[in-house]
Protein chains: 2
Amino acid sequence: MQAVIDGEQMNTTEQIDQVRDDFITRMGVIAMGEGLPRMSGQIFAMLVFEGEPIAFGALSRRLSVSRATISTSIRLLEERGLIRRVNKTGDRQDYFQLADDAYAAMTKYALAGTRHAKAEINDTMSKLPEDAEGVRARLDSFAAFYDTISEALDDVATRVSKPKI
Amino acid sequence: MQAVIDGEQMNTTEQIDQVRDDFITRMGVIAMGEGLPRMSGQIFAMLVFEGEPIAFGALSRRLSVSRATISTSIRLLEERGLIRRVNKTGDRQDYFQLADDAYAAMTKYALAGTRHAKAEINDTMSKLPEDAEGVRARLDSFAAFYDTISEALDDVATRVSKPKI
DNA sequence: CAGACTGTTCAGATAATTCTGAATAGACTT
DNA sequence: AAGTCTATTCAGAATTATCTGAACAGTCTG
């Protein structure tokens with residue numbers, strides 16, 4: 001059974017190409033919602049989809065974006081521990097693939113954010129005069145909220161299994 | 001014991017004012033990290049800090065921002081169920097305070113995001129040809145990750161107690 | 001060594017977000 | 001009804017984030 005679009009037959013490879021491009025586009029949007037630049041999200045999506053290491057130049061070509069953009073997007077993803085750079089003997093290019101613990105790393109990054117938020121609130125509380133009871137109680141609730149989220153994320157981080165490459 | 005800054009004595013009220021302004025500034029930054037515009041975060045912070053309902057005009061004045069900005073920021077916060085608008089008899093202005101279930105609402109918003117991400121991945125999987133086994137397995141892991149996060153957030157949403165106003 | 005190729009950096013261009021002032025409409029007061 | 005005060009909307013300004021091209025430094029190849 002072949003998929004048909006605009007009356008044209010598609011072979012399996014073309015079909016996968018189209019699904020992949022669509023996936024990449026969508027993940028770019030999702031990434032933006034999570035505080036990542038679109039392009040980093042698209043690179044991540046590409047690596048998830050392909051599985052095997054992808055060359056620097058291929059990323060630039062396939063995502064229709066300059067090498068400079070790839071370079072900075074890659075740096076961000078590496079800093080967050082989401083991808084890793086691998087060397088292929090006999091090829092000068094850098095190759096990239098998902099980090100073994102990419103999903104755990106994603107979770108830990110979010111966790112760092114919620115812990116930071118909690119710390120900011122606690123710091124504010126420490127500066128309050130003794131008699132500001134109402135404010136203290138409200139900030140305490142707010143901090144408790146971030147603490148609950150942090151606990152949940154911490155739990156997720158330990159549970160998340162390594163993605164099968 | 002009075003706090004001292006630059007050799008000047010501060011009374012308790014001034015001290016609290018300073019702590020509050022600092023808190024508001026910080027929460028604006030935190031909010032940006034969570035995909036909220038800075039000003040919405042600052043309004044939210046102000047409402048947490050003050051506890052009692054705050055007037056539309058007061059928000060504009062205290063945050064040194066136009067009424068138009070307050071209006072749009074407020075709308076966003078209302079849409080997310082984080083604050084509620086209250087009427088004070090004998091005053092034409094709108095007043096705002098934290099929603100009773102503000103923290104639960106925050107959690108649910110995040111949850112909606114992770115569920116949406118999972119749905120996008122599942123949708124992509126449904127379009128794959130039968131024989132794309134490797135891709136399917138990787139997308140499945142990715143979806144499972146978002147599912148784990150979603151479960152955790154769902155759990156948080158039910159556990160989060162109402163903030164004490 | 002000269003030439004080709006690679007990834008990084010950075011100033012400036014481009015695009016997207018966020019804020020403002022003016023216009024508008026509704027509601028209250030006198 | 002006329003005059004205030006209110007919140008909202010929206011076009012454009014201001015700000016911020018993102019992308020690019022060029023310059024660069026390193027590495028390999030012939």
# chains A, B, ... in the order shown; residues from 1 in each chain; ligands from 1
$ residues_around --residues "C:DA16" --least-positions-apart "5" --cutoff "9 Å" --atoms "only C-alpha atoms (C1' of nucleotides)" --output "list in words"
DT16, DA17 and DT18 of chain D
$ write_last_selection --atoms "C-alpha atoms (C1' of nucleotides)" --output "PDB file, in the first residue's frame"
ATOM      1  C1'  DT D  16      15.492  41.340  22.440  1.00  0.00           C
ATOM      2  C1'  DA D  17      16.544  37.072  20.289  1.00  0.00           C
ATOM      3  C1'  DT D  18      18.184  34.713  16.328  1.00  0.00           C
TER       4       DT D  18
END
$ residues_around --residues "stretch 4-12 of chain C" --least-positions-apart "2" --cutoff "9 Å" --atoms "only C-alpha atoms (C1' of nucleotides)" --output "count of residues only"
14
$ residues_around --residues "D:DT4" --least-positions-apart "4" --cutoff "12 Å" --atoms "only C-alpha atoms (C1' of nucleotides)" --output "number ranges by chain"
B: 92; C: 27-30
$ interface_residues --of "chain C" --to "chain B" --cutoff "12 Å" --atoms "only C-alpha atoms (C1' of nucleotides)" --output "ChimeraX atom specification"
/C:17-22,26-29
$ atom_distance --atom1 "atom CA of B:Ile121" --atom2 "atom CA of B:Phe142"
7.7 Å
$ closest_residue --among "A:Leu76, A:Ile70, A:Ala99, A:Ala31" --to "chain D" --atoms "only C-alpha atoms (C1' of nucleotides)"
A:Ile70
$ calpha_fit_and_write --fixed "chain A" --moving "chain B" --output "short mmCIF file (atom, residue, chain, number, x, y, z; two decimals) with N, CA and C atoms, in the first residue's frame"
data_model
loop_
_atom_site.label_atom_id
_atom_site.label_comp_id
_atom_site.auth_asym_id
_atom_site.auth_seq_id
_atom_site.Cartn_x
_atom_site.Cartn_y
_atom_site.Cartn_z
N MET B 1 0.84 -1.28 -0.15
CA MET B 1 0.02 -0.06 -0.15
C MET B 1 0.91 1.17 -0.11
N GLN B 2 0.82 1.97 -1.16
CA GLN B 2 1.64 3.18 -1.23
C GLN B 2 0.82 4.40 -0.84
N ALA B 3 1.47 5.31 -0.10
CA ALA B 3 0.78 6.57 0.22
C ALA B 3 0.68 7.42 -1.03
N VAL B 4 -0.39 8.14 -1.13
CA VAL B 4 -0.59 8.97 -2.33
C VAL B 4 -0.85 10.41 -1.92
N ILE B 5 -0.15 11.31 -2.56
CA ILE B 5 -0.38 12.73 -2.29
C ILE B 5 -0.41 13.49 -3.62
N ASP B 6 -1.39 14.28 -3.80
CA ASP B 6 -1.54 15.05 -5.03
C ASP B 6 -1.50 14.16 -6.26
N GLY B 7 -1.99 12.98 -6.12
CA GLY B 7 -2.01 12.06 -7.25
C GLY B 7 -0.67 11.44 -7.58
N GLU B 8 0.36 11.83 -6.82
CA GLU B 8 1.70 11.28 -7.10
C GLU B 8 1.98 10.11 -6.18
N GLN B 9 2.57 9.07 -6.72
CA GLN B 9 3.00 7.95 -5.90
C GLN B 9 4.25 8.35 -5.13
N MET B 10 4.35 7.88 -3.90
CA MET B 10 5.58 8.10 -3.13
C MET B 10 6.16 6.75 -2.76
N ASN B 11 7.46 6.63 -2.92
CA ASN B 11 8.06 5.41 -2.40
C ASN B 11 8.34 5.60 -0.92
N THR B 12 8.74 4.52 -0.28
CA THR B 12 8.88 4.55 1.18
C THR B 12 9.89 5.61 1.64
N THR B 13 10.98 5.74 0.91
CA THR B 13 12.01 6.71 1.31
C THR B 13 11.47 8.13 1.28
N GLU B 14 10.78 8.46 0.20
CA GLU B 14 10.21 9.81 0.11
C GLU B 14 9.21 10.05 1.23
N GLN B 15 8.45 9.01 1.52
CA GLN B 15 7.45 9.14 2.57
C GLN B 15 8.13 9.45 3.91
N ILE B 16 9.18 8.69 4.19
CA ILE B 16 9.89 8.91 5.45
C ILE B 16 10.51 10.30 5.49
N ASP B 17 11.06 10.73 4.37
CA ASP B 17 11.64 12.08 4.32
C ASP B 17 10.62 13.12 4.72
N GLN B 18 9.43 12.95 4.21
CA GLN B 18 8.39 13.93 4.48
C GLN B 18 7.97 13.91 5.95
N VAL B 19 7.83 12.70 6.48
CA VAL B 19 7.46 12.57 7.88
C VAL B 19 8.54 13.19 8.77
N ARG B 20 9.79 12.96 8.38
CA ARG B 20 10.88 13.50 9.18
C ARG B 20 10.88 15.03 9.17
N ASP B 21 10.73 15.61 7.98
CA ASP B 21 10.72 17.07 7.89
C ASP B 21 9.58 17.66 8.71
N ASP B 22 8.46 17.01 8.67
CA ASP B 22 7.31 17.47 9.45
C ASP B 22 7.60 17.37 10.95
N PHE B 23 8.20 16.26 11.32
CA PHE B 23 8.56 16.05 12.73
C PHE B 23 9.53 17.14 13.21
N ILE B 24 10.51 17.42 12.38
CA ILE B 24 11.51 18.43 12.72
C ILE B 24 10.86 19.80 12.90
N THR B 25 9.98 20.13 12.01
CA THR B 25 9.27 21.41 12.11
C THR B 25 8.51 21.51 13.43
N ARG B 26 7.78 20.44 13.74
CA ARG B 26 6.98 20.47 14.96
C ARG B 26 7.83 20.56 16.21
N MET B 27 8.92 19.82 16.21
CA MET B 27 9.76 19.81 17.41
C MET B 27 10.46 21.16 17.59
N GLY B 28 10.69 21.88 16.49
CA GLY B 28 11.23 23.23 16.63
C GLY B 28 10.28 24.09 17.44
N VAL B 29 9.00 23.95 17.18
CA VAL B 29 7.99 24.73 17.90
C VAL B 29 7.92 24.30 19.36
N ILE B 30 7.90 22.99 19.58
CA ILE B 30 7.85 22.47 20.95
C ILE B 30 9.05 22.99 21.75
N ALA B 31 10.21 22.95 21.14
CA ALA B 31 11.43 23.40 21.81
C ALA B 31 11.31 24.84 22.26
N MET B 32 10.75 25.69 21.38
CA MET B 32 10.58 27.09 21.73
C MET B 32 9.71 27.22 22.99
N GLY B 33 8.72 26.36 23.09
CA GLY B 33 7.87 26.38 24.28
C GLY B 33 8.61 26.00 25.54
N GLU B 34 9.74 25.31 25.37
CA GLU B 34 10.50 24.88 26.54
C GLU B 34 11.76 25.70 26.76
N GLY B 35 11.80 26.85 26.12
CA GLY B 35 12.93 27.73 26.36
C GLY B 35 14.18 27.42 25.58
N LEU B 36 14.05 26.56 24.58
CA LEU B 36 15.18 26.28 23.69
C LEU B 36 14.93 27.02 22.37
N PRO B 37 15.99 27.55 21.74
CA PRO B 37 15.78 28.13 20.42
C PRO B 37 15.30 27.08 19.43
N ARG B 38 14.48 27.51 18.49
CA ARG B 38 13.90 26.61 17.52
C ARG B 38 14.96 25.69 16.86
N MET B 39 16.06 26.29 16.47
CA MET B 39 17.03 25.50 15.72
C MET B 39 17.64 24.37 16.54
N SER B 40 17.86 24.62 17.82
CA SER B 40 18.36 23.56 18.68
C SER B 40 17.35 22.42 18.75
N GLY B 41 16.10 22.77 18.83
CA GLY B 41 15.05 21.76 18.87
C GLY B 41 15.02 20.95 17.59
N GLN B 42 15.24 21.62 16.48
CA GLN B 42 15.20 20.92 15.20
C GLN B 42 16.38 19.96 15.05
N ILE B 43 17.52 20.41 15.52
CA ILE B 43 18.68 19.53 15.48
C ILE B 43 18.43 18.30 16.36
N PHE B 44 17.93 18.56 17.54
CA PHE B 44 17.62 17.46 18.45
C PHE B 44 16.65 16.49 17.80
N ALA B 45 15.62 17.01 17.19
CA ALA B 45 14.62 16.17 16.53
C ALA B 45 15.26 15.33 15.43
N MET B 46 16.13 15.96 14.67
CA MET B 46 16.80 15.24 13.58
C MET B 46 17.60 14.06 14.13
N LEU B 47 18.29 14.32 15.24
CA LEU B 47 19.12 13.26 15.82
C LEU B 47 18.26 12.14 16.40
N VAL B 48 17.14 12.49 16.98
CA VAL B 48 16.22 11.46 17.48
C VAL B 48 15.74 10.60 16.32
N PHE B 49 15.35 11.29 15.27
CA PHE B 49 14.75 10.58 14.13
C PHE B 49 15.76 9.66 13.45
N GLU B 50 16.95 10.17 13.23
CA GLU B 50 17.93 9.40 12.46
C GLU B 50 18.62 8.31 13.26
N GLY B 51 18.86 8.59 14.54
CA GLY B 51 19.50 7.57 15.34
C GLY B 51 20.99 7.51 15.18
N GLU B 52 21.45 7.36 13.98
CA GLU B 52 22.90 7.29 13.77
C GLU B 52 23.50 8.70 13.74
N PRO B 53 24.82 8.78 13.96
CA PRO B 53 25.49 10.09 14.00
C PRO B 53 25.30 10.84 12.68
N ILE B 54 25.11 12.14 12.78
CA ILE B 54 24.92 12.99 11.61
C ILE B 54 26.02 14.04 11.57
N ALA B 55 26.53 14.28 10.38
CA ALA B 55 27.66 15.19 10.21
C ALA B 55 27.23 16.64 10.33
N PHE B 56 28.16 17.44 10.81
CA PHE B 56 27.97 18.89 10.93
C PHE B 56 27.43 19.47 9.63
N GLY B 57 28.10 19.18 8.56
CA GLY B 57 27.70 19.71 7.26
C GLY B 57 26.31 19.26 6.85
N ALA B 58 25.99 18.01 7.16
CA ALA B 58 24.67 17.49 6.81
C ALA B 58 23.58 18.24 7.55
N LEU B 59 23.84 18.58 8.81
CA LEU B 59 22.86 19.34 9.58
C LEU B 59 22.60 20.68 8.91
N SER B 60 23.68 21.35 8.53
CA SER B 60 23.54 22.65 7.87
C SER B 60 22.72 22.53 6.59
N ARG B 61 23.01 21.50 5.82
CA ARG B 61 22.32 21.32 4.54
C ARG B 61 20.85 20.94 4.75
N ARG B 62 20.64 19.93 5.58
CA ARG B 62 19.28 19.41 5.74
C ARG B 62 18.34 20.39 6.42
N LEU B 63 18.89 21.24 7.28
CA LEU B 63 18.03 22.19 7.97
C LEU B 63 18.05 23.57 7.30
N SER B 64 18.77 23.65 6.17
CA SER B 64 18.81 24.90 5.39
C SER B 64 19.19 26.10 6.24
N VAL B 65 20.31 25.96 6.91
CA VAL B 65 20.73 26.98 7.86
C VAL B 65 22.26 27.08 7.82
N SER B 66 22.78 28.27 8.13
CA SER B 66 24.21 28.47 8.00
C SER B 66 25.01 27.61 8.98
N ARG B 67 26.27 27.43 8.67
CA ARG B 67 27.13 26.64 9.56
C ARG B 67 27.30 27.34 10.90
N ALA B 68 27.30 28.66 10.86
CA ALA B 68 27.43 29.41 12.11
C ALA B 68 26.28 29.08 13.06
N THR B 69 25.10 29.02 12.52
CA THR B 69 23.94 28.69 13.34
C THR B 69 24.04 27.30 13.91
N ILE B 70 24.47 26.35 13.07
CA ILE B 70 24.66 24.99 13.56
C ILE B 70 25.66 24.98 14.71
N SER B 71 26.74 25.71 14.53
CA SER B 71 27.79 25.73 15.55
C SER B 71 27.25 26.20 16.91
N THR B 72 26.52 27.31 16.90
CA THR B 72 26.02 27.84 18.17
C THR B 72 24.90 26.97 18.75
N SER B 73 24.08 26.44 17.88
CA SER B 73 22.99 25.59 18.37
C SER B 73 23.55 24.32 19.00
N ILE B 74 24.54 23.77 18.33
CA ILE B 74 25.20 22.58 18.83
C ILE B 74 25.82 22.83 20.21
N ARG B 75 26.44 23.98 20.32
CA ARG B 75 27.09 24.31 21.60
C ARG B 75 26.07 24.29 22.74
N LEU B 76 24.94 24.91 22.48
CA LEU B 76 23.88 24.93 23.49
C LEU B 76 23.45 23.51 23.88
N LEU B 77 23.23 22.68 22.87
CA LEU B 77 22.80 21.30 23.14
C LEU B 77 23.87 20.52 23.89
N GLU B 78 25.11 20.77 23.56
CA GLU B 78 26.21 20.09 24.27
C GLU B 78 26.27 20.54 25.72
N GLU B 79 26.13 21.85 25.91
CA GLU B 79 26.19 22.38 27.27
C GLU B 79 25.11 21.76 28.15
N ARG B 80 23.99 21.48 27.53
CA ARG B 80 22.90 20.89 28.32
C ARG B 80 23.01 19.37 28.40
N GLY B 81 24.03 18.83 27.76
CA GLY B 81 24.24 17.37 27.84
C GLY B 81 23.25 16.57 27.02
N LEU B 82 22.66 17.19 26.01
CA LEU B 82 21.64 16.50 25.22
C LEU B 82 22.22 15.72 24.05
N ILE B 83 23.36 16.15 23.56
CA ILE B 83 23.96 15.46 22.42
C ILE B 83 25.46 15.27 22.67
N ARG B 84 26.05 14.38 21.90
CA ARG B 84 27.50 14.26 22.00
C ARG B 84 28.13 14.24 20.63
N ARG B 85 29.37 14.70 20.62
CA ARG B 85 30.13 14.83 19.41
C ARG B 85 30.97 13.58 19.25
N VAL B 86 30.89 12.96 18.10
CA VAL B 86 31.69 11.75 17.89
C VAL B 86 32.58 11.94 16.66
N ASN B 87 33.72 11.27 16.66
CA ASN B 87 34.64 11.36 15.53
C ASN B 87 34.56 10.10 14.69
N LYS B 88 34.46 10.30 13.41
CA LYS B 88 34.52 9.15 12.52
C LYS B 88 35.90 9.14 11.88
N THR B 89 36.56 8.01 12.03
CA THR B 89 37.89 7.93 11.44
C THR B 89 37.76 8.03 9.92
N GLY B 90 38.68 8.80 9.34
CA GLY B 90 38.64 8.94 7.89
C GLY B 90 37.70 10.03 7.42
N ASP B 91 37.16 10.80 8.37
CA ASP B 91 36.31 11.93 7.99
C ASP B 91 36.62 13.07 8.93
N ARG B 92 36.94 14.21 8.36
CA ARG B 92 37.32 15.34 9.20
C ARG B 92 36.14 15.97 9.92
N GLN B 93 34.99 15.78 9.39
CA GLN B 93 33.82 16.42 9.99
C GLN B 93 33.50 15.89 11.39
N ASP B 94 32.86 16.72 12.17
CA ASP B 94 32.32 16.28 13.45
C ASP B 94 30.97 15.64 13.19
N TYR B 95 30.69 14.60 13.95
CA TYR B 95 29.38 13.97 13.88
C TYR B 95 28.70 14.10 15.23
N PHE B 96 27.38 14.08 15.18
CA PHE B 96 26.64 14.26 16.43
C PHE B 96 25.55 13.21 16.57
N GLN B 97 25.35 12.81 17.81
CA GLN B 97 24.23 11.92 18.07
C GLN B 97 23.66 12.24 19.46
N LEU B 98 22.50 11.71 19.74
CA LEU B 98 21.90 11.93 21.05
C LEU B 98 22.84 11.42 22.13
N ALA B 99 22.87 12.13 23.26
CA ALA B 99 23.60 11.62 24.40
C ALA B 99 22.86 10.38 24.92
N ASP B 100 23.59 9.47 25.52
CA ASP B 100 22.97 8.25 26.03
C ASP B 100 21.85 8.58 27.02
N ASP B 101 22.12 9.59 27.82
CA ASP B 101 21.17 9.96 28.87
C ASP B 101 20.48 11.28 28.56
N ALA B 102 20.17 11.47 27.28
CA ALA B 102 19.62 12.76 26.84
C ALA B 102 18.36 13.16 27.61
N TYR B 103 17.47 12.22 27.80
CA TYR B 103 16.20 12.57 28.44
C TYR B 103 16.40 12.87 29.93
N ALA B 104 17.30 12.14 30.53
CA ALA B 104 17.63 12.43 31.92
C ALA B 104 18.25 13.82 32.02
N ALA B 105 19.10 14.15 31.04
CA ALA B 105 19.74 15.46 31.04
C ALA B 105 18.71 16.58 30.88
N MET B 106 17.73 16.35 30.01
CA MET B 106 16.66 17.32 29.84
C MET B 106 15.94 17.56 31.16
N THR B 107 15.65 16.46 31.82
CA THR B 107 14.94 16.56 33.10
C THR B 107 15.77 17.31 34.12
N LYS B 108 17.06 16.99 34.16
CA LYS B 108 17.92 17.64 35.15
C LYS B 108 18.03 19.14 34.89
N TYR B 109 17.99 19.52 33.63
CA TYR B 109 18.05 20.94 33.33
C TYR B 109 16.82 21.66 33.89
N ALA B 110 15.67 21.03 33.65
CA ALA B 110 14.43 21.61 34.17
C ALA B 110 14.48 21.67 35.70
N LEU B 111 15.00 20.61 36.28
CA LEU B 111 15.13 20.53 37.73
C LEU B 111 16.00 21.66 38.27
N ALA B 112 17.09 21.92 37.58
CA ALA B 112 17.96 23.02 38.01
C ALA B 112 17.18 24.33 38.03
N GLY B 113 16.30 24.50 37.04
CA GLY B 113 15.50 25.72 36.98
C GLY B 113 14.56 25.85 38.16
N THR B 114 13.87 24.78 38.51
CA THR B 114 12.91 24.86 39.61
C THR B 114 13.64 25.03 40.95
N ARG B 115 14.80 24.41 41.05
CA ARG B 115 15.57 24.58 42.30
C ARG B 115 16.07 26.01 42.43
N HIS B 116 16.45 26.57 41.30
CA HIS B 116 16.91 27.95 41.32
C HIS B 116 15.77 28.88 41.74
N ALA B 117 14.60 28.62 41.20
CA ALA B 117 13.44 29.45 41.56
C ALA B 117 13.19 29.36 43.06
N LYS B 118 13.25 28.15 43.58
CA LYS B 118 13.02 27.98 45.01
C LYS B 118 14.08 28.73 45.83
N ALA B 119 15.30 28.66 45.36
CA ALA B 119 16.38 29.35 46.08
C ALA B 119 16.16 30.85 46.09
N GLU B 120 15.67 31.38 44.98
CA GLU B 120 15.41 32.82 44.91
C GLU B 120 14.34 33.21 45.93
N ILE B 121 13.33 32.39 46.03
CA ILE B 121 12.25 32.68 46.98
C ILE B 121 12.77 32.60 48.41
N ASN B 122 13.54 31.58 48.68
CA ASN B 122 14.11 31.43 50.02
C ASN B 122 15.01 32.59 50.38
N ASP B 123 15.76 33.04 49.39
CA ASP B 123 16.65 34.16 49.63
C ASP B 123 15.85 35.41 49.97
N THR B 124 14.76 35.58 49.25
CA THR B 124 13.89 36.72 49.55
C THR B 124 13.35 36.62 50.98
N MET B 125 12.93 35.43 51.36
CA MET B 125 12.39 35.24 52.71
C MET B 125 13.40 35.59 53.78
N SER B 126 14.65 35.25 53.51
CA SER B 126 15.68 35.49 54.52
C SER B 126 15.91 36.98 54.77
N LYS B 127 15.49 37.78 53.81
CA LYS B 127 15.70 39.23 53.95
C LYS B 127 14.53 39.94 54.61
N LEU B 128 13.45 39.21 54.81
CA LEU B 128 12.26 39.83 55.40
C LEU B 128 12.48 40.13 56.88
N PRO B 129 11.94 41.24 57.33
CA PRO B 129 11.98 41.49 58.77
C PRO B 129 11.11 40.46 59.49
N GLU B 130 11.42 40.26 60.75
CA GLU B 130 10.75 39.23 61.56
C GLU B 130 9.23 39.31 61.52
N ASP B 131 8.73 40.54 61.55
CA ASP B 131 7.30 40.72 61.75
C ASP B 131 6.47 40.63 60.48
N ALA B 132 7.09 40.34 59.36
CA ALA B 132 6.34 40.25 58.10
C ALA B 132 5.76 38.85 57.94
N GLU B 133 4.89 38.50 58.82
CA GLU B 133 4.41 37.11 58.89
C GLU B 133 3.60 36.70 57.66
N GLY B 134 2.69 37.58 57.24
CA GLY B 134 1.83 37.24 56.10
C GLY B 134 2.66 36.98 54.85
N VAL B 135 3.55 37.89 54.55
CA VAL B 135 4.40 37.75 53.38
C VAL B 135 5.18 36.44 53.47
N ARG B 136 5.74 36.20 54.63
CA ARG B 136 6.55 35.00 54.82
C ARG B 136 5.73 33.74 54.52
N ALA B 137 4.52 33.72 55.01
CA ALA B 137 3.67 32.55 54.80
C ALA B 137 3.39 32.34 53.31
N ARG B 138 3.14 33.44 52.60
CA ARG B 138 2.83 33.30 51.17
C ARG B 138 4.04 32.86 50.37
N LEU B 139 5.19 33.44 50.71
CA LEU B 139 6.40 33.02 50.01
C LEU B 139 6.71 31.56 50.32
N ASP B 140 6.39 31.17 51.52
CA ASP B 140 6.64 29.79 51.93
C ASP B 140 5.79 28.83 51.07
N SER B 141 4.55 29.19 50.83
CA SER B 141 3.70 28.37 49.97
C SER B 141 4.26 28.29 48.55
N PHE B 142 4.71 29.44 48.09
CA PHE B 142 5.28 29.52 46.74
C PHE B 142 6.51 28.62 46.64
N ALA B 143 7.37 28.72 47.63
CA ALA B 143 8.58 27.90 47.66
C ALA B 143 8.22 26.41 47.74
N ALA B 144 7.19 26.12 48.53
CA ALA B 144 6.77 24.72 48.68
C ALA B 144 6.31 24.16 47.34
N PHE B 145 5.66 25.00 46.56
CA PHE B 145 5.23 24.57 45.23
C PHE B 145 6.43 24.16 44.37
N TYR B 146 7.43 25.03 44.32
CA TYR B 146 8.61 24.70 43.52
C TYR B 146 9.31 23.47 44.07
N ASP B 147 9.21 23.30 45.37
CA ASP B 147 9.83 22.13 45.98
C ASP B 147 9.11 20.85 45.54
N THR B 148 7.81 20.92 45.49
CA THR B 148 7.03 19.76 45.05
C THR B 148 7.38 19.39 43.61
N ILE B 149 7.44 20.42 42.76
CA ILE B 149 7.82 20.19 41.37
C ILE B 149 9.23 19.60 41.30
N SER B 150 10.12 20.14 42.09
CA SER B 150 11.50 19.67 42.06
C SER B 150 11.59 18.19 42.45
N GLU B 151 10.85 17.84 43.49
CA GLU B 151 10.85 16.44 43.91
C GLU B 151 10.37 15.53 42.78
N ALA B 152 9.30 15.97 42.14
CA ALA B 152 8.74 15.17 41.05
C ALA B 152 9.75 15.01 39.91
N LEU B 153 10.43 16.10 39.58
CA LEU B 153 11.40 16.04 38.49
C LEU B 153 12.60 15.18 38.87
N ASP B 154 12.99 15.30 40.12
CA ASP B 154 14.10 14.48 40.60
C ASP B 154 13.76 13.01 40.44
N ASP B 155 12.54 12.69 40.79
CA ASP B 155 12.05 11.33 40.65
C ASP B 155 12.07 10.89 39.19
N VAL B 156 11.61 11.76 38.32
CA VAL B 156 11.61 11.45 36.89
C VAL B 156 13.04 11.20 36.39
N ALA B 157 13.94 12.07 36.82
CA ALA B 157 15.32 11.97 36.36
C ALA B 157 15.92 10.60 36.66
N THR B 158 15.59 10.07 37.82
CA THR B 158 16.14 8.76 38.17
C THR B 158 15.42 7.64 37.41
N ARG B 159 14.14 7.85 37.13
CA ARG B 159 13.37 6.78 36.47
C ARG B 159 13.60 6.70 34.96
N VAL B 160 13.88 7.87 34.35
CA VAL B 160 13.97 7.89 32.89
C VAL B 160 15.04 6.93 32.38
N SER B 161 14.62 6.04 31.56
CA SER B 161 15.58 5.08 31.02
C SER B 161 16.34 5.71 29.87
N LYS B 162 17.51 5.18 29.63
CA LYS B 162 18.31 5.71 28.53
C LYS B 162 17.58 5.47 27.21
N PRO B 163 17.60 6.46 26.34
CA PRO B 163 16.95 6.26 25.04
C PRO B 163 17.68 5.19 24.25
N LYS B 164 16.93 4.32 23.62
CA LYS B 164 17.54 3.27 22.82
C LYS B 164 18.03 3.85 21.50
N ILE B 165 19.32 3.84 21.33
CA ILE B 165 19.88 4.34 20.07
C ILE B 165 19.91 3.18 19.08
#
